[in-house]
file structure-v8.txt (compact mmCIF, C-alpha atoms)
# COMPACT_ATOMS: atom_id res chain seq x y z
CA MET A 182 -9.79 12.77 10.35
CA PRO A 183 -6.42 11.00 10.81
CA ILE A 184 -5.57 9.62 14.24
CA GLU A 185 -2.64 11.41 15.91
CA ILE A 186 -0.14 9.12 17.65
CA THR A 187 1.11 10.63 20.92
CA GLY A 188 2.67 7.79 22.91
CA TYR A 189 -0.35 7.42 25.22
CA TRP A 190 -2.98 4.77 24.61
CA LEU A 191 -6.39 3.45 25.60
CA ALA A 192 -7.00 -0.30 25.39
CA LYS A 193 -10.50 -1.74 25.61
CA THR A 194 -11.10 -5.06 27.29
CA GLU A 195 -14.22 -6.85 28.40
CA PRO A 196 -13.78 -7.34 32.16
CA TYR A 197 -15.32 -10.82 32.14
CA VAL A 198 -12.56 -11.82 29.67
CA TYR A 199 -9.61 -9.89 31.18
CA SER A 200 -9.96 -7.01 33.64
CA ILE A 201 -7.65 -4.55 35.36
CA ASP A 202 -7.91 -6.86 38.40
CA ASP A 203 -6.64 -9.77 36.28
CA LEU A 204 -3.73 -7.63 35.10
CA GLU A 205 -2.94 -6.63 38.69
CA ARG A 206 -2.96 -10.31 39.72
CA ASP A 207 -0.76 -11.37 36.78
CA GLY A 208 1.53 -8.34 36.83
CA GLU A 209 2.15 -8.60 33.10
CA THR A 210 0.37 -10.21 30.15
CA GLU A 211 0.55 -10.64 26.41
CA TRP A 212 -2.15 -8.35 24.92
CA ASP A 213 -3.23 -11.04 22.49
CA GLY A 214 -6.21 -11.82 20.32
CA VAL A 215 -6.44 -8.51 18.47
CA ARG A 216 -7.55 -9.16 14.89
CA ASN A 217 -7.78 -5.69 13.40
CA TYR A 218 -5.00 -4.56 11.06
CA GLN A 219 -4.97 -0.91 12.16
CA VAL A 220 -4.69 -1.91 15.81
CA ARG A 221 -2.05 -4.51 14.97
CA ASN A 222 -0.04 -1.77 13.25
CA PHE A 223 -0.38 0.51 16.28
CA MET A 224 0.82 -2.26 18.59
CA ARG A 225 3.56 -3.53 16.29
CA ASP A 226 4.93 -0.26 14.95
CA ARG A 227 3.98 2.54 17.36
CA MET A 228 3.81 1.20 20.91
CA LYS A 229 7.11 1.56 22.76
CA LYS A 230 8.32 0.26 26.10
CA GLY A 231 7.23 2.48 28.99
CA GLN A 232 4.32 4.15 27.19
CA LYS A 233 1.21 4.41 29.36
CA ILE A 234 -2.13 2.75 28.59
CA LEU A 235 -5.57 3.51 30.01
CA ILE A 236 -7.42 0.23 30.59
CA TYR A 237 -11.04 0.69 29.53
CA HIS A 238 -13.70 -1.86 30.46
CA SER A 239 -16.13 -2.24 27.55
CA ASN A 240 -19.32 -4.27 27.38
CA ALA A 241 -19.70 -3.69 31.12
CA LYS A 242 -21.61 -1.58 33.61
CA PRO A 243 -20.27 0.97 34.02
CA LEU A 244 -18.22 1.53 30.87
CA GLY A 245 -15.01 3.35 31.62
CA VAL A 246 -11.33 3.51 32.48
CA PHE A 247 -10.46 1.43 35.54
CA GLY A 248 -6.69 1.81 35.68
CA ILE A 249 -3.33 2.14 33.97
CA ALA A 250 -0.86 -0.25 32.40
CA GLU A 251 2.32 0.34 30.47
CA VAL A 252 3.96 -1.25 27.47
CA ALA A 253 6.43 -3.80 28.87
CA GLY A 254 8.52 -4.22 25.72
CA PRO A 255 8.47 -4.36 21.95
CA ALA A 256 5.76 -6.20 20.06
CA HIS A 257 6.23 -9.87 19.28
CA PRO A 258 4.18 -12.43 17.35
CA ASP A 259 0.84 -13.05 19.06
CA SER A 260 1.09 -16.62 20.35
CA THR A 261 -2.63 -17.33 19.96
CA GLN A 262 -2.48 -17.16 16.16
CA PHE A 263 -0.54 -20.44 16.06
CA ASP A 264 -2.59 -22.35 18.67
CA PRO A 265 -5.34 -24.45 17.03
CA LYS A 266 -7.14 -24.60 20.40
CA SER A 267 -7.35 -20.80 20.66
CA LYS A 268 -10.38 -18.88 19.42
CA TYR A 269 -7.81 -16.48 17.92
CA TYR A 270 -6.10 -19.19 15.85
CA ASP A 271 -5.29 -18.06 12.31
CA GLU A 272 -4.53 -20.96 10.00
CA LYS A 273 -3.22 -18.56 7.34
CA SER A 274 -0.59 -17.01 9.62
CA ASP A 275 2.92 -18.31 8.94
CA PRO A 276 5.38 -18.63 11.86
CA ASP A 277 8.11 -17.38 9.50
CA ASP A 278 6.01 -14.32 8.61
CA PRO A 279 3.45 -13.79 11.41
CA ARG A 280 0.32 -11.83 10.62
CA TRP A 281 -0.55 -10.76 14.18
CA TRP A 282 1.69 -8.92 16.62
CA CYS A 283 1.22 -7.66 20.16
CA PRO A 284 3.18 -6.23 23.07
CA ASP A 285 3.04 -7.29 26.68
CA PHE A 286 1.22 -4.96 29.07
CA LYS A 287 2.46 -4.42 32.63
CA TYR A 288 0.18 -3.41 35.50
CA VAL A 289 0.66 0.09 36.93
CA GLU A 290 -2.40 1.00 39.01
CA THR A 291 -6.11 0.56 39.60
CA PHE A 292 -8.10 3.76 40.01
CA GLU A 293 -9.83 4.60 43.29
CA THR A 294 -12.76 5.74 41.20
CA PRO A 295 -13.46 4.35 37.71
CA VAL A 296 -13.62 7.13 35.13
CA THR A 297 -16.92 6.27 33.50
CA ARG A 298 -17.90 7.06 29.96
CA ASP A 299 -20.53 9.45 31.32
CA MET A 300 -17.87 11.26 33.40
CA MET A 301 -15.68 11.56 30.29
CA LYS A 302 -18.56 13.07 28.30
CA GLU A 303 -19.00 15.75 30.98
CA THR A 304 -15.32 16.59 31.54
CA PRO A 305 -13.75 19.59 29.82
CA GLY A 306 -10.69 18.57 27.83
CA LEU A 307 -12.10 15.17 26.85
CA GLU A 308 -14.46 16.40 24.11
CA ASP A 309 -12.28 14.92 21.35
CA ILE A 310 -11.07 11.70 23.00
CA ASN A 311 -11.25 8.89 20.45
CA VAL A 312 -13.21 6.48 22.63
CA LEU A 313 -16.19 8.90 22.67
CA ARG A 314 -16.23 9.42 18.91
CA ARG A 315 -19.17 7.96 17.04
CA GLY A 316 -18.12 4.87 15.10
CA MET A 317 -14.72 4.54 16.82
CA ARG A 318 -14.59 0.82 17.50
CA LEU A 319 -10.86 0.17 17.69
CA SER A 320 -9.78 -1.90 20.69
CA VAL A 321 -6.52 0.04 21.07
CA MET A 322 -6.35 3.72 20.21
CA PRO A 323 -4.13 6.68 20.94
CA VAL A 324 -5.02 9.40 23.44
CA SER A 325 -3.30 12.74 23.93
CA LYS A 326 -1.07 13.41 26.91
CA LYS A 327 -3.64 15.97 28.11
CA GLU A 328 -6.48 13.41 27.89
CA PHE A 329 -4.35 10.82 29.69
CA GLU A 330 -3.53 13.27 32.51
CA ILE A 331 -7.17 14.35 32.93
CA ILE A 332 -8.34 10.73 33.20
CA ARG A 333 -5.52 9.77 35.57
CA ARG A 334 -6.38 12.74 37.83
CA LEU A 335 -10.10 11.82 37.81
CA GLY A 336 -9.33 8.19 38.57
CA ARG A 337 -7.10 9.07 41.50
CA THR A 338 -9.36 11.71 43.04
CA GLY A 339 -12.88 10.98 41.78

call {"tool": "encode", "arguments": {"input": "structure-v8.txt", "output": "structure tokens"}}
result
Amino acid sequence: MPIEITGYWLAKTEPYVYSIDDLERDGETEWDGVRNYQVRNFMRDRMKKGQKILIYHSNAKPLGVFGIAEVAGPAHPDSTQFDPKSKYYDEKSDPDDPRWWCPDFKYVETFETPVTRDMMKETPGLEDINVLRRGMRLSVMPVSKKEFEIIRRLGRTG
């Protein structure tokens, strides 16, 4: 089944690496280190300034959406690909023709109540959200406007 691009996104992050609290503290950050071609293409070609992003904490307890960010501007070459000290260094990437691209994310809000994976499974309207699909392992994926609004409402009201 092809993935529909709607202008709303969900980005997974491991909170011990970079959490919604880190994004709130920093205000804005380069969403670097992604090394999946489909996700790179989403970020490079489909993400536009002002689009909203659900920040999902993965590999954590509980799993779920903890807040919202937005795309701060157009994608640019991921700086970590050229840094030999970075774990995301790519010796085959050429500065004149970069392989990896990413946008900057800007903090919007932290939810009063995290919208856990279990809550999503039980909420009408979220039956088809990509993050709950078996085998969907992308770190950035589109969500529908309806899915985004349901999760935002749950996060703000519990």

call {"tool": "closest_residue", "arguments": {"input": "structure-v8.txt", "among": "A:Val252, A:Val246, A:Val220, A:Met317", "to": "Arg298 in chain A", "atoms": "only C-alpha atoms"}}
result
A:Val246

call {"tool": "closest_residue", "arguments": {"input": "structure-v8.txt", "among": "A:Leu204, A:Ile236, A:Leu244, A:Met228", "to": "Phe329 in chain A", "atoms": "only C-alpha atoms"}}
result
A:Ile236

call {"tool": "residues_near_point", "arguments": {"input": "structure-v8.txt", "point": "(-7.9, 6.6, 26.2)", "cutoff": "6 Å", "atoms": "only C-alpha atoms", "output": "list in words"}}
result
Trp190, Leu191, Leu235 and Val324 of chain A

call {"tool": "write_last_selection", "arguments": {"input": "structure-v8.txt", "atoms": "C-alpha atoms", "output": "PDB file, keeping the file's coordinate frame"}}
result
ATOM      1  CA  TRP A 190      -2.980   4.770  24.610  1.00  0.00           C
ATOM      2  CA  LEU A 191      -6.390   3.450  25.600  1.00  0.00           C
ATOM      3  CA  LEU A 235      -5.570   3.510  30.010  1.00  0.00           C
ATOM      4  CA  VAL A 324      -5.020   9.400  23.440  1.00  0.00           C
TER       5      VAL A 324
END

call {"tool": "closest_residue", "arguments": {"input": "structure-v8.txt", "among": "A:Met322, A:Met301, A:Leu307, A:Val296", "to": "Lys193 in chain A", "atoms": "only C-alpha atoms"}}
result
A:Met322

call {"tool": "residues_near_point", "arguments": {"input": "structure-v8.txt", "point": "(8.1, -8.6, 19.0)", "cutoff": "8 Å", "atoms": "only C-alpha atoms", "output": "JSON, numbers by chain"}}
result
{"A": [225, 255, 256, 257, 258, 282, 283, 284]}

call {"tool": "write_last_selection", "arguments": {"input": "structure-v8.txt", "atoms": "C-alpha atoms", "output": "PDB file, keeping the file's coordinate frame"}}
result
ATOM      1  CA  ARG A 225       3.560  -3.530  16.290  1.00  0.00           C
ATOM      2  CA  PRO A 255       8.470  -4.360  21.950  1.00  0.00           C
ATOM      3  CA  ALA A 256       5.760  -6.200  20.060  1.00  0.00           C
ATOM      4  CA  HIS A 257       6.230  -9.870  19.280  1.00  0.00           C
ATOM      5  CA  PRO A 258       4.180 -12.430  17.350  1.00  0.00           C
ATOM      6  CA  TRP A 282       1.690  -8.920  16.620  1.00  0.00           C
ATOM      7  CA  CYS A 283       1.220  -7.660  20.160  1.00  0.00           C
ATOM      8  CA  PRO A 284       3.180  -6.230  23.070  1.00  0.00           C
TER       9      PRO A 284
END

call {"tool": "closest_residue", "arguments": {"input": "structure-v8.txt", "among": "A:Gly336, A:Pro265, A:Gly248, A:Gly188", "to": "Ser200 in chain A", "atoms": "all atoms listed in the file"}}
result
A:Gly248

call {"tool": "closest_residue", "arguments": {"input": "structure-v8.txt", "among": "A:Lys327, A:Ala250, A:Leu313, A:Lys266", "to": "Asp203 in chain A", "atoms": "only C-alpha atoms"}}
result
A:Ala250

call {"tool": "closest_residue", "arguments": {"input": "structure-v8.txt", "among": "A:Gln262, A:Gln232, A:Ser320, A:Asn240", "to": "Arg280 in chain A", "atoms": "only C-alpha atoms"}}
result
A:Gln262

call {"tool": "axis_aligned_box", "arguments": {"input": "structure-v8.txt", "around": "range 264-273 of chain A", "padding_each_side": "3 Å", "output": "JSON"}}
result
{"center_x": -6.5, "center_y": -20.5, "center_z": 14.0, "size_x": 13.8, "size_y": 14.1, "size_z": 19.3}

call {"tool": "atom_distance", "arguments": {"input": "structure-v8.txt", "atom1": "CA of Arg216 in chain A", "atom2": "CA of Met300 in chain A"}}
result
29.4 Å

call {"tool": "atom_distance", "arguments": {"input": "structure-v8.txt", "atom1": "CA of Asp202 in chain A", "atom2": "CA of Phe247 in chain A"}}
result
9.1 Å

call {"tool": "atom_distance", "arguments": {"input": "structure-v8.txt", "atom1": "CA of Asp213 in chain A", "atom2": "CA of Arg314 in chain A"}}
result
24.5 Å
